[in-house]
file query-v1.txt (compact mmCIF, C-alpha atoms and all ligand atoms)
# COMPACT_ATOMS: atom_id res chain seq x y z
CA MET A 7 2.19 6.90 -16.67
CA HIS A 8 2.26 3.14 -17.05
CA ASP A 9 -1.09 2.23 -18.62
CA THR A 10 -4.31 4.11 -19.37
CA THR A 11 -6.34 1.27 -20.91
CA LEU A 12 -9.00 1.41 -18.20
CA GLY A 13 -8.93 5.16 -17.51
CA PRO A 14 -6.68 8.07 -16.50
CA ALA A 15 -3.48 7.10 -14.74
CA MET A 16 -3.93 7.52 -10.99
CA GLY A 17 -1.11 7.37 -8.46
CA GLY A 18 0.25 9.44 -5.61
CA CYS A 19 3.34 11.58 -5.45
CA ARG A 20 6.25 10.24 -3.40
CA MET A 21 8.93 12.54 -2.00
CA TRP A 22 12.11 10.73 -1.07
CA ARG A 23 15.86 11.19 -0.77
CA TYR A 24 16.69 9.26 -3.96
CA ALA A 25 20.40 8.90 -4.60
CA SER A 26 20.09 9.59 -8.34
CA ASP A 27 17.65 10.47 -11.13
CA GLU A 28 17.88 6.85 -12.32
CA GLU A 29 16.87 5.49 -8.92
CA ALA A 30 13.93 7.93 -8.75
CA LEU A 31 12.77 7.05 -12.26
CA ALA A 32 13.03 3.31 -11.62
CA ASP A 33 10.94 3.69 -8.45
CA ALA A 34 8.30 5.77 -10.27
CA GLN A 35 8.05 3.20 -13.05
CA ARG A 36 7.77 0.26 -10.66
CA LEU A 37 5.17 2.04 -8.55
CA ALA A 38 3.18 3.13 -11.62
CA ARG A 39 2.96 -0.46 -12.84
CA GLY A 40 1.68 -1.46 -9.41
CA MET A 41 -1.03 1.21 -9.66
CA THR A 42 -2.20 -0.14 -13.03
CA PHE A 43 -2.60 -3.62 -11.55
CA LYS A 44 -4.09 -2.28 -8.32
CA ALA A 45 -6.82 -0.30 -10.08
CA ALA A 46 -7.56 -3.16 -12.50
CA LEU A 47 -8.03 -5.75 -9.75
CA ALA A 48 -10.02 -3.33 -7.58
CA GLY A 49 -12.44 -3.03 -10.51
CA LEU A 50 -11.83 0.71 -10.92
CA PRO A 51 -11.95 2.49 -14.30
CA LEU A 52 -8.48 3.95 -13.72
CA GLY A 53 -5.02 3.38 -15.11
CA GLY A 54 -1.69 3.46 -13.32
CA GLY A 55 0.80 6.28 -12.82
CA LYS A 56 3.00 7.71 -10.14
CA ALA A 57 5.08 10.81 -9.51
CA VAL A 58 8.26 11.18 -7.49
CA ILE A 59 9.98 14.28 -6.19
CA ILE A 60 13.65 13.97 -5.32
CA GLY A 61 14.23 15.61 -1.94
CA ASP A 62 14.09 15.27 1.81
CA PRO A 63 10.45 15.63 2.88
CA GLY A 64 11.58 16.83 6.31
CA ARG A 65 13.72 19.62 4.87
CA ASP A 66 13.04 20.48 1.23
CA LYS A 67 9.27 21.01 1.13
CA SER A 68 7.65 24.31 0.28
CA PRO A 69 4.28 25.38 -1.10
CA GLU A 70 6.14 26.72 -4.18
CA LEU A 71 7.62 23.27 -4.84
CA PHE A 72 4.18 21.65 -4.77
CA ARG A 73 2.68 24.41 -6.89
CA ALA A 74 5.40 23.78 -9.47
CA PHE A 75 4.57 20.08 -9.29
CA GLY A 76 0.89 20.99 -9.75
CA ARG A 77 1.74 22.86 -12.96
CA ALA A 78 3.58 19.78 -14.26
CA VAL A 79 0.54 17.61 -13.47
CA ASP A 80 -1.80 20.11 -15.11
CA HIS A 81 0.32 19.99 -18.25
CA LEU A 82 -0.86 16.36 -18.70
CA ARG A 83 -4.49 17.55 -18.95
CA GLY A 84 -6.04 14.88 -16.76
CA ARG A 85 -4.27 11.88 -18.26
CA TYR A 86 -2.49 11.63 -14.88
CA ILE A 87 -4.16 12.32 -11.51
CA THR A 88 -1.99 12.72 -8.44
CA GLY A 89 -2.47 12.39 -4.67
CA GLU A 90 -0.50 11.70 -1.48
CA ASP A 91 2.11 9.03 -0.99
CA VAL A 92 5.13 8.48 1.25
CA GLY A 93 6.64 11.86 2.13
CA THR A 94 3.67 13.95 0.96
CA SER A 95 0.52 15.05 2.79
CA VAL A 96 -2.99 16.38 2.32
CA GLU A 97 -1.56 19.92 2.89
CA ASP A 98 0.95 19.42 0.06
CA MET A 99 -1.90 18.35 -2.22
CA GLU A 100 -3.83 21.50 -1.27
CA ALA A 101 -0.88 23.48 -2.73
CA VAL A 102 -1.00 21.28 -5.85
CA ARG A 103 -4.74 22.04 -6.13
CA HIS A 104 -3.95 25.76 -6.66
CA GLU A 105 -2.48 24.79 -10.04
CA THR A 106 -4.53 21.80 -11.19
CA ARG A 107 -7.82 20.03 -10.57
CA HIS A 108 -6.21 16.69 -11.36
CA VAL A 109 -5.45 15.88 -7.74
CA ALA A 110 -7.39 13.64 -5.33
CA GLY A 111 -7.38 13.03 -1.58
CA LEU A 112 -8.00 16.64 -0.51
CA ALA A 113 -9.41 17.68 2.87
CA GLY A 114 -12.86 18.52 1.47
CA GLY A 115 -13.06 15.12 -0.27
CA SER A 116 -11.71 11.71 0.64
CA GLY A 117 -8.75 13.20 2.56
CA ASP A 118 -5.95 11.00 3.91
CA PRO A 119 -6.31 7.54 2.25
CA SER A 120 -4.28 5.68 4.88
CA PRO A 121 -7.18 4.70 7.25
CA LEU A 122 -8.87 2.92 4.34
CA THR A 123 -5.60 1.32 3.29
CA ALA A 124 -5.21 0.01 6.84
CA LEU A 125 -8.79 -1.30 6.82
CA GLY A 126 -8.18 -3.18 3.56
CA VAL A 127 -4.99 -4.69 4.99
CA LEU A 128 -6.97 -5.88 8.03
CA HIS A 129 -9.46 -7.66 5.73
CA GLY A 130 -6.53 -9.14 3.81
CA ILE A 131 -4.82 -10.40 6.97
CA ARG A 132 -8.08 -12.04 8.06
CA ALA A 133 -8.35 -13.82 4.69
CA ALA A 134 -4.72 -14.96 4.81
CA VAL A 135 -5.01 -16.21 8.40
CA ARG A 136 -8.11 -18.15 7.43
CA HIS A 137 -6.32 -19.80 4.52
CA ARG A 138 -2.99 -20.52 6.16
CA TYR A 139 -4.01 -21.27 9.73
CA GLY A 140 -7.70 -22.21 9.36
CA ARG A 141 -8.61 -19.56 11.92
CA ASP A 142 -11.64 -17.27 11.62
CA THR A 143 -10.56 -14.76 14.23
CA LEU A 144 -7.40 -12.85 15.00
CA ASP A 145 -7.61 -13.64 18.72
CA ASP A 146 -4.14 -14.60 19.89
CA ILE A 147 -2.66 -14.24 16.40
CA THR A 148 0.60 -12.29 16.59
CA VAL A 149 1.31 -9.80 13.81
CA ALA A 150 4.79 -8.31 13.32
CA VAL A 151 4.26 -4.81 11.88
CA GLN A 152 7.25 -3.22 10.13
CA GLY A 153 6.80 0.57 9.91
CA LEU A 154 4.45 2.59 12.09
CA GLY A 155 3.68 5.53 9.84
CA HIS A 156 0.28 6.56 8.48
CA VAL A 157 -0.87 3.04 7.60
CA GLY A 158 1.17 0.98 10.07
CA HIS A 159 -0.10 2.79 13.14
CA GLN A 160 -3.73 2.56 12.12
CA LEU A 161 -3.33 -1.07 11.19
CA CYS A 162 -1.97 -1.71 14.71
CA ARG A 163 -5.08 -0.09 16.17
CA LEU A 164 -7.42 -2.25 14.04
CA LEU A 165 -5.47 -5.42 14.82
CA HIS A 166 -5.38 -4.62 18.52
CA ASP A 167 -9.16 -4.04 18.53
CA ALA A 168 -9.60 -7.36 16.72
CA GLY A 169 -7.74 -9.20 19.50
CA ALA A 170 -4.36 -9.69 17.81
CA ARG A 171 -1.02 -9.37 19.61
CA LEU A 172 1.54 -7.00 18.12
CA VAL A 173 5.29 -6.94 17.63
CA VAL A 174 6.42 -3.65 16.07
CA SER A 175 9.42 -1.76 14.75
CA ASP A 176 10.18 1.59 13.21
CA VAL A 177 13.35 3.60 12.68
CA VAL A 178 11.64 6.52 14.50
CA MET A 179 11.59 5.74 18.24
CA GLU A 180 8.57 7.95 19.10
CA ARG A 181 6.40 5.91 16.75
CA VAL A 182 7.52 2.70 18.44
CA GLU A 183 6.80 4.17 21.89
CA ARG A 184 3.33 5.27 20.79
CA ALA A 185 2.50 1.72 19.67
CA THR A 186 3.86 0.13 22.84
CA ASP A 187 1.90 2.63 24.99
CA GLU A 188 -1.37 2.48 23.08
CA PHE A 189 -1.52 -1.19 22.12
CA GLY A 190 0.81 -2.97 24.53
CA ALA A 191 2.94 -3.93 21.50
CA LEU A 192 6.31 -5.60 21.92
CA ALA A 193 9.06 -3.50 20.30
CA VAL A 194 11.98 -5.04 18.42
CA ARG A 195 14.89 -3.54 16.49
CA PRO A 196 14.25 -2.83 12.80
CA ASP A 197 16.55 -5.66 11.73
CA ALA A 198 14.69 -8.15 13.97
CA ILE A 199 11.10 -7.58 12.83
CA ALA A 200 11.08 -10.02 9.88
CA GLY A 201 12.36 -12.79 12.16
CA ALA A 202 9.99 -12.00 15.04
CA GLU A 203 7.97 -14.85 16.55
CA ALA A 204 4.63 -14.16 14.84
CA GLU A 205 2.01 -15.77 12.62
CA VAL A 206 1.90 -12.76 10.25
CA PHE A 207 4.63 -10.45 8.99
CA ALA A 208 3.08 -7.14 7.85
CA PRO A 209 5.53 -4.92 5.92
CA CYS A 210 4.25 -1.32 6.18
CA ALA A 211 7.48 0.62 5.55
CA LEU A 212 9.16 0.90 2.15
CA GLY A 213 9.46 -1.71 -0.58
CA GLY A 214 11.79 -4.71 -0.83
CA SER A 215 11.21 -6.06 2.69
CA VAL A 216 11.13 -9.65 1.45
CA ASP A 217 14.55 -10.60 0.11
CA LEU A 218 17.00 -13.45 0.49
CA ALA A 219 18.11 -12.29 3.94
CA THR A 220 14.65 -11.69 5.42
CA ARG A 221 13.28 -14.92 3.92
CA GLY A 222 15.93 -16.82 5.83
CA ARG A 223 14.82 -15.27 9.12
CA LEU A 224 11.06 -15.36 8.59
CA ARG A 225 9.05 -17.28 11.22
CA ALA A 226 5.59 -16.14 10.08
CA ARG A 227 3.76 -18.27 7.49
CA VAL A 228 1.81 -15.26 6.22
CA VAL A 229 3.26 -12.09 4.67
CA ALA A 230 0.49 -9.49 4.38
CA GLY A 231 1.06 -5.76 4.71
CA ALA A 232 0.57 -2.35 3.16
CA ALA A 233 3.92 -1.61 1.56
CA ASN A 234 4.18 -1.39 -2.21
CA ASN A 235 6.68 -3.70 -3.93
CA GLN A 236 7.25 -5.94 -0.92
CA LEU A 237 9.08 -8.61 -2.90
CA ALA A 238 12.64 -7.55 -3.74
CA SER A 239 12.41 -9.79 -6.84
CA PRO A 240 9.92 -12.22 -8.42
CA GLU A 241 12.14 -15.10 -7.23
CA ASP A 242 11.44 -14.08 -3.64
CA GLY A 243 7.72 -14.68 -4.25
CA VAL A 244 8.39 -18.12 -5.73
CA ALA A 245 10.64 -18.98 -2.79
CA LEU A 246 7.99 -17.91 -0.26
CA HIS A 247 5.43 -20.10 -2.02
CA ARG A 248 7.78 -23.10 -2.04
CA ALA A 249 8.45 -22.60 1.65
CA GLY A 250 4.71 -22.66 2.42
CA VAL A 251 4.52 -18.97 3.26
CA LEU A 252 1.30 -17.36 2.04
CA TYR A 253 1.96 -13.94 0.47
CA ALA A 254 -0.90 -11.47 -0.03
CA PRO A 255 0.02 -9.64 -3.27
CA ASP A 256 0.78 -6.06 -2.27
CA TYR A 257 -1.29 -4.24 -4.84
CA VAL A 258 -4.35 -6.33 -3.97
CA ILE A 259 -4.19 -5.98 -0.19
CA ASN A 260 -3.23 -2.28 -0.13
CA ALA A 261 -5.91 -1.02 -2.56
CA GLY A 262 -8.13 0.53 0.16
CA GLY A 263 -6.60 3.99 -0.19
CA LEU A 264 -7.02 3.95 -3.96
CA ILE A 265 -10.64 2.83 -3.61
CA SER A 266 -11.11 5.80 -1.28
CA VAL A 267 -9.50 8.48 -3.46
CA ALA A 268 -11.22 7.04 -6.54
CA GLN A 269 -14.47 8.37 -5.04
CA ASP A 270 -13.16 11.92 -5.57
CA ILE A 271 -12.39 11.18 -9.20
CA LEU A 272 -15.37 9.05 -10.18
CA HIS A 273 -17.99 11.06 -8.27
CA ARG A 274 -16.52 14.52 -8.64
CA GLY A 275 -18.54 17.11 -6.73
CA ALA A 276 -20.55 14.52 -4.73
CA PRO A 277 -19.97 14.35 -0.96
CA TYR A 278 -17.51 11.68 0.15
CA ASP A 279 -19.45 8.52 1.08
CA ARG A 280 -17.32 6.79 3.70
CA ALA A 281 -19.81 3.95 4.27
CA ALA A 282 -19.81 3.07 0.54
CA VAL A 283 -16.00 3.15 0.48
CA GLU A 284 -15.75 0.92 3.56
CA ALA A 285 -18.15 -1.56 1.95
CA ALA A 286 -16.05 -1.59 -1.24
CA VAL A 287 -12.89 -2.10 0.80
CA THR A 288 -14.27 -5.35 2.30
CA GLY A 289 -14.05 -6.70 -1.28
CA ILE A 290 -10.27 -6.85 -0.80
CA GLY A 291 -10.72 -9.84 1.52
CA ASP A 292 -12.98 -11.56 -1.03
CA ARG A 293 -10.51 -10.99 -3.87
CA LEU A 294 -7.68 -12.40 -1.79
CA ASP A 295 -9.83 -15.44 -0.94
CA MET A 296 -10.20 -16.08 -4.67
CA ILE A 297 -6.50 -15.61 -5.32
CA PHE A 298 -5.45 -17.87 -2.42
CA GLU A 299 -7.91 -20.56 -3.53
CA ALA A 300 -6.64 -20.43 -7.12
CA SER A 301 -3.08 -20.61 -5.82
CA ALA A 302 -3.90 -23.61 -3.64
CA ARG A 303 -5.57 -25.39 -6.60
CA GLY A 304 -2.69 -24.87 -9.02
CA ALA A 305 1.04 -24.65 -8.57
CA HIS A 306 1.33 -20.89 -8.94
CA PRO A 307 2.17 -18.38 -6.20
CA PRO A 308 -0.56 -15.82 -5.35
CA GLU A 309 1.22 -12.87 -6.96
CA GLN A 310 1.37 -14.72 -10.30
CA ILE A 311 -2.37 -15.45 -10.06
CA ALA A 312 -3.04 -11.76 -9.29
CA ASP A 313 -0.86 -10.60 -12.19
CA ALA A 314 -2.73 -12.90 -14.58
CA MET A 315 -6.11 -11.66 -13.31
CA ALA A 316 -5.02 -8.02 -13.74
CA GLN A 317 -3.68 -8.70 -17.25
CA GLU A 318 -7.05 -10.19 -18.12
CA CYS A 319 -8.84 -7.01 -16.96
CA LEU A 320 -6.43 -4.90 -19.03
CA ALA A 321 -7.05 -6.92 -22.15
CA VAL A 322 -10.69 -5.75 -22.18
CA PRO A 323 -10.99 -1.95 -22.42
CA ALA A 324 -13.60 -0.41 -20.08
CA VAL A 325 -16.95 0.38 -21.66
CA ALA A 326 -17.44 4.16 -21.67
P1 LIG B 1 4.76 6.56 6.08
O1 LIG B 1 5.93 7.28 5.50
O2 LIG B 1 3.75 7.33 6.85
O3 LIG B 1 5.28 5.36 7.02
C1 LIG B 1 6.38 4.57 6.75
C2 LIG B 1 7.02 4.23 8.09
O4 LIG B 1 8.04 3.26 7.89
C3 LIG B 1 7.67 5.45 8.77
O5 LIG B 1 7.23 5.54 10.11
C4 LIG B 1 9.17 5.11 8.68
O6 LIG B 1 9.91 5.65 9.76
C5 LIG B 1 9.13 3.60 8.72
N1 LIG B 1 10.33 2.93 8.24
C6 LIG B 1 11.14 3.29 7.19
N2 LIG B 1 12.14 2.38 7.08
C7 LIG B 1 11.93 1.44 8.03
C8 LIG B 1 12.62 0.26 8.42
N3 LIG B 1 13.72 -0.16 7.79
N4 LIG B 1 12.14 -0.47 9.45
C9 LIG B 1 11.02 -0.07 10.12
N5 LIG B 1 10.35 1.05 9.81
C10 LIG B 1 10.79 1.79 8.78
O7 LIG B 1 4.09 5.78 4.86
P2 LIG B 1 2.62 5.15 4.80
O8 LIG B 1 1.72 6.09 4.14
O9 LIG B 1 2.28 4.58 6.14
O10 LIG B 1 2.87 3.95 3.77
C11 LIG B 1 3.55 2.77 4.16
C12 LIG B 1 3.71 1.84 2.96
O11 LIG B 1 2.42 1.51 2.46
C13 LIG B 1 4.47 2.45 1.77
O12 LIG B 1 5.19 1.44 1.13
C14 LIG B 1 3.38 2.95 0.86
O13 LIG B 1 3.77 3.02 -0.49
C15 LIG B 1 2.33 1.88 1.07
N6 LIG B 1 0.97 2.32 0.79
C16 LIG B 1 0.44 3.36 1.48
C17 LIG B 1 -0.86 3.77 1.21
C18 LIG B 1 -1.50 4.90 1.98
O14 LIG B 1 -2.74 5.03 1.91
N7 LIG B 1 -0.75 5.71 2.70
C19 LIG B 1 -1.61 3.12 0.21
C20 LIG B 1 -1.04 2.03 -0.46
C21 LIG B 1 0.26 1.65 -0.17

call {"tool": "encode", "arguments": {"input": "query-v1.txt", "output": "structure tokens"}}
result
Amino acid sequence: MHDTTLGPAMGGCRMWRYASDEEALADAQRLARGMTFKAALAGLPLGGGKAVIIGDPGRDKSPELFRAFGRAVDHLRGRYITGEDVGTSVEDMEAVRHETRHVAGLAGGSGDPSPLTALGVLHGIRAAVRHRYGRDTLDDITVAVQGLGHVGHQLCRLLHDAGARLVVSDVVMERVERATDEFGALAVRPDAIAGAEAEVFAPCALGGSVDLATRGRLRARVVAGAANNQLASPEDGVALHRAGVLYAPDYVINAGGLISVAQDILHRGAPYDRAAVEAAVTGIGDRLDMIFEASARGAHPPEQIADAMAQECLAVPAVA
């Protein structure tokens, strides 16, 4: 749990093949901080937390494992609320639900958050394209999508429907083939996606996609995608800004899934209202507009503006 100033700490559970306990803990802490800022800027009365399970999601999963995790979550008595993340699914959360009610994103409620995350990223890409290229549509804009999992694939569908061209990559070949078949996307090798000829680079795999090496290859003048912790370091954000590349702060653009699961928590027992969630998710584009404008007015990169705005929200405790 990173911060509970605004409400209980919300954040999904990631299952990954971490090399050590230290690596897993560092990831959980970094992701939990991102959740605090994400909830604050999305205007939600929630704090930030995250859980990680060390293991191979393709090999080490069992209902017993997730029930044990559920007991650990329950032990925190609602100060932390869990949900899906990379490597975990709605089914896994159903097993967690046997042990605790402090879990969101279940089949009977908001379910898989990734379609709403993808929708928020689409709004964010539109805002960034407007600011950087002065274009109101995505017609003939090329987006290089890194990672074609839950969010990446659905983002490709939305972008394709909006008239954008796609360049894609994934380390799993079937996912690449699906995108080339369904959307006429151009496939490139994973190490070539950041340098692809495109207006927008959309990282939708794991964190750290923007580092010294990828910055050197980048052709796009917008970086806007779903992945958490896209910047390998704060210096990478400053360098993007200096190079005239507009970066959509990750926890602002990828808040759609959180806005969706927050419905389960804030309106417990009420039916899931998809239309209301979709309307709230459009606010992501408006928030990014504000951030980009403030960044253009002053000398600060967008992620520093977003951090300052989130800190401001955290300084004022929510009214009960
Ligand atoms: P996912 O596991 O379904 O998809 C990730 C994809 O990235 C997989 O297809 C994987 O094969 C691919 N990948 C891994 N390494 C790669 C590489 N080097 N190059 C290209 N592809 C690579 O995860 P997801 O749910 O789609 O989430 C994607 C990102 O968005 C994550 O960083 C996650 O934390 C973030 N995010 C997701 C949500 C959500 O609602 N699912 C919400 C907010 C943020």

call {"tool": "residues_near_ligand", "arguments": {"input": "query-v1.txt", "ligand": "ligand LIG 1 (chain B)", "cutoff": "6 Å", "atoms": "all atoms listed in the file", "output": "PDB file with C-alpha atoms, in the coordinates of the input"}}
result
ATOM      1  CA  ASP A  91       2.110   9.030  -0.990  1.00  0.00           C
ATOM      2  CA  VAL A  92       5.130   8.480   1.250  1.00  0.00           C
ATOM      3  CA  GLY A  93       6.640  11.860   2.130  1.00  0.00           C
ATOM      4  CA  PRO A 119      -6.310   7.540   2.250  1.00  0.00           C
ATOM      5  CA  SER A 120      -4.280   5.680   4.880  1.00  0.00           C
ATOM      6  CA  THR A 123      -5.600   1.320   3.290  1.00  0.00           C
ATOM      7  CA  GLN A 152       7.250  -3.220  10.130  1.00  0.00           C
ATOM      8  CA  GLY A 153       6.800   0.570   9.910  1.00  0.00           C
ATOM      9  CA  LEU A 154       4.450   2.590  12.090  1.00  0.00           C
ATOM     10  CA  GLY A 155       3.680   5.530   9.840  1.00  0.00           C
ATOM     11  CA  HIS A 156       0.280   6.560   8.480  1.00  0.00           C
ATOM     12  CA  VAL A 157      -0.870   3.040   7.600  1.00  0.00           C
ATOM     13  CA  GLY A 158       1.170   0.980  10.070  1.00  0.00           C
ATOM     14  CA  SER A 175       9.420  -1.760  14.750  1.00  0.00           C
ATOM     15  CA  ASP A 176      10.180   1.590  13.210  1.00  0.00           C
ATOM     16  CA  VAL A 177      13.350   3.600  12.680  1.00  0.00           C
ATOM     17  CA  VAL A 178      11.640   6.520  14.500  1.00  0.00           C
ATOM     18  CA  PRO A 196      14.250  -2.830  12.800  1.00  0.00           C
ATOM     19  CA  CYS A 210       4.250  -1.320   6.180  1.00  0.00           C
ATOM     20  CA  ALA A 211       7.480   0.620   5.550  1.00  0.00           C
ATOM     21  CA  LEU A 212       9.160   0.900   2.150  1.00  0.00           C
ATOM     22  CA  GLY A 213       9.460  -1.710  -0.580  1.00  0.00           C
ATOM     23  CA  ALA A 232       0.570  -2.350   3.160  1.00  0.00           C
ATOM     24  CA  ALA A 233       3.920  -1.610   1.560  1.00  0.00           C
ATOM     25  CA  ASN A 234       4.180  -1.390  -2.210  1.00  0.00           C
ATOM     26  CA  ASN A 260      -3.230  -2.280  -0.130  1.00  0.00           C
ATOM     27  CA  GLY A 263      -6.600   3.990  -0.190  1.00  0.00           C
TER      28      GLY A 263
END

call {"tool": "closest_residue", "arguments": {"input": "query-v1.txt", "among": "A:His8, A:His104, A:Arg227, A:Arg77", "to": "A:His137", "atoms": "all atoms listed in the file"}}
result
A:Arg227

call {"tool": "closest_residue", "arguments": {"input": "query-v1.txt", "among": "A:Leu125, A:Met296, A:Ile271, A:Ile265", "to": "A:Ala45", "atoms": "all atoms listed in the file"}}
result
A:Ile265

call {"tool": "closest_residue", "arguments": {"input": "query-v1.txt", "among": "A:Ile59, A:Ala245, A:Ala230, A:Leu272", "to": "A:Ile87", "atoms": "only C-alpha atoms"}}
result
A:Leu272

call {"tool": "residues_around", "arguments": {"input": "query-v1.txt", "residues": "A:Phe72", "least_positions_apart": "5", "cutoff": "7 Å", "atoms": "only C-alpha atoms", "output": "compact mmCIF listing (two decimals) with C-alpha atoms, keeping the file's coordinate frame"}}
result
# COMPACT_ATOMS: atom_id res chain seq x y z
CA ASP A 98 0.95 19.42 0.06
CA ALA A 101 -0.88 23.48 -2.73
CA VAL A 102 -1.00 21.28 -5.85

call {"tool": "residues_around", "arguments": {"input": "query-v1.txt", "residues": "A:Asp217", "least_positions_apart": "2", "cutoff": "7 Å", "atoms": "only C-alpha atoms", "output": "short mmCIF file (atom, residue, chain, number, x, y, z; two decimals) with C-alpha atoms, in the frame of the given file"}}
result
data_model
loop_
_atom_site.label_atom_id
_atom_site.label_comp_id
_atom_site.auth_asym_id
_atom_site.auth_seq_id
_atom_site.Cartn_x
_atom_site.Cartn_y
_atom_site.Cartn_z
CA GLY A 214 11.79 -4.71 -0.83
CA SER A 215 11.21 -6.06 2.69
CA ALA A 219 18.11 -12.29 3.94
CA THR A 220 14.65 -11.69 5.42
CA ARG A 221 13.28 -14.92 3.92
CA LEU A 237 9.08 -8.61 -2.90
CA ALA A 238 12.64 -7.55 -3.74
CA ASP A 242 11.44 -14.08 -3.64
#

call {"tool": "residues_near_point", "arguments": {"input": "query-v1.txt", "point": "(-13.4, -14.7, 1.0)", "cutoff": "10 Å", "atoms": "all atoms listed in the file", "output": "count of residues only"}}
result
19

call {"tool": "residues_around", "arguments": {"input": "query-v1.txt", "residues": "A:Arg274", "least_positions_apart": "3", "cutoff": "12 Å", "atoms": "all atoms listed in the file", "output": "VMD selection string"}}
result
chain A and resid 107 to 112 114 to 116 267 to 271 277 to 279

call {"tool": "residues_near_point", "arguments": {"input": "query-v1.txt", "point": "(-7.0, 18.0, 5.0)", "cutoff": "8 Å", "atoms": "all atoms listed in the file", "output": "list in words"}}
result
Val96, Glu97, Glu100, Leu112, Ala113, Gly114, Gly117 and Asp118 of chain A

call {"tool": "build_atoms", "arguments": {"input": "query-v1.txt", "residues": "stretch 65-82 of chain A", "atoms": "N, CA and C atoms", "output": "CSV table (one decimal), in the frame of the given file"}}
result
chain,number,residue,atom,x,y,z
A,65,ARG,N,12.9,18.4,5.0
A,65,ARG,CA,13.7,19.6,4.9
A,65,ARG,C,13.4,20.5,3.6
A,66,ASP,N,13.1,19.8,2.5
A,66,ASP,CA,13.0,20.5,1.2
A,66,ASP,C,11.6,20.9,0.8
A,67,LYS,N,10.6,20.7,1.6
A,67,LYS,CA,9.3,21.0,1.1
A,67,LYS,C,9.0,22.5,1.2
A,68,SER,N,8.2,22.9,0.2
A,68,SER,CA,7.6,24.3,0.3
A,68,SER,C,6.4,24.3,-0.6
A,69,PRO,N,5.5,25.3,-0.3
A,69,PRO,CA,4.3,25.4,-1.1
A,69,PRO,C,4.6,25.6,-2.6
A,70,GLU,N,5.7,26.4,-2.8
A,70,GLU,CA,6.1,26.7,-4.2
A,70,GLU,C,6.5,25.4,-4.9
A,71,LEU,N,7.2,24.5,-4.2
A,71,LEU,CA,7.6,23.3,-4.8
A,71,LEU,C,6.4,22.5,-5.3
A,72,PHE,N,5.4,22.4,-4.4
A,72,PHE,CA,4.2,21.6,-4.8
A,72,PHE,C,3.3,22.4,-5.8
A,73,ARG,N,3.4,23.7,-5.8
A,73,ARG,CA,2.7,24.4,-6.9
A,73,ARG,C,3.3,24.1,-8.2
A,74,ALA,N,4.7,24.1,-8.2
A,74,ALA,CA,5.4,23.8,-9.5
A,74,ALA,C,5.0,22.4,-9.9
A,75,PHE,N,5.0,21.5,-9.0
A,75,PHE,CA,4.6,20.1,-9.3
A,75,PHE,C,3.2,20.1,-9.9
A,76,GLY,N,2.3,20.9,-9.3
A,76,GLY,CA,0.9,21.0,-9.8
A,76,GLY,C,0.8,21.4,-11.2
A,77,ARG,N,1.7,22.4,-11.6
A,77,ARG,CA,1.7,22.9,-13.0
A,77,ARG,C,2.2,21.7,-13.9
A,78,ALA,N,3.1,20.9,-13.4
A,78,ALA,CA,3.6,19.8,-14.3
A,78,ALA,C,2.4,18.8,-14.5
A,79,VAL,N,1.7,18.5,-13.4
A,79,VAL,CA,0.5,17.6,-13.5
A,79,VAL,C,-0.5,18.2,-14.4
A,80,ASP,N,-0.8,19.5,-14.3
A,80,ASP,CA,-1.8,20.1,-15.1
A,80,ASP,C,-1.5,20.0,-16.6
A,81,HIS,N,-0.2,20.1,-16.9
A,81,HIS,CA,0.3,20.0,-18.2
A,81,HIS,C,-0.2,18.7,-18.9
A,82,LEU,N,-0.4,17.7,-18.1
A,82,LEU,CA,-0.9,16.4,-18.7
A,82,LEU,C,-2.4,16.3,-18.9
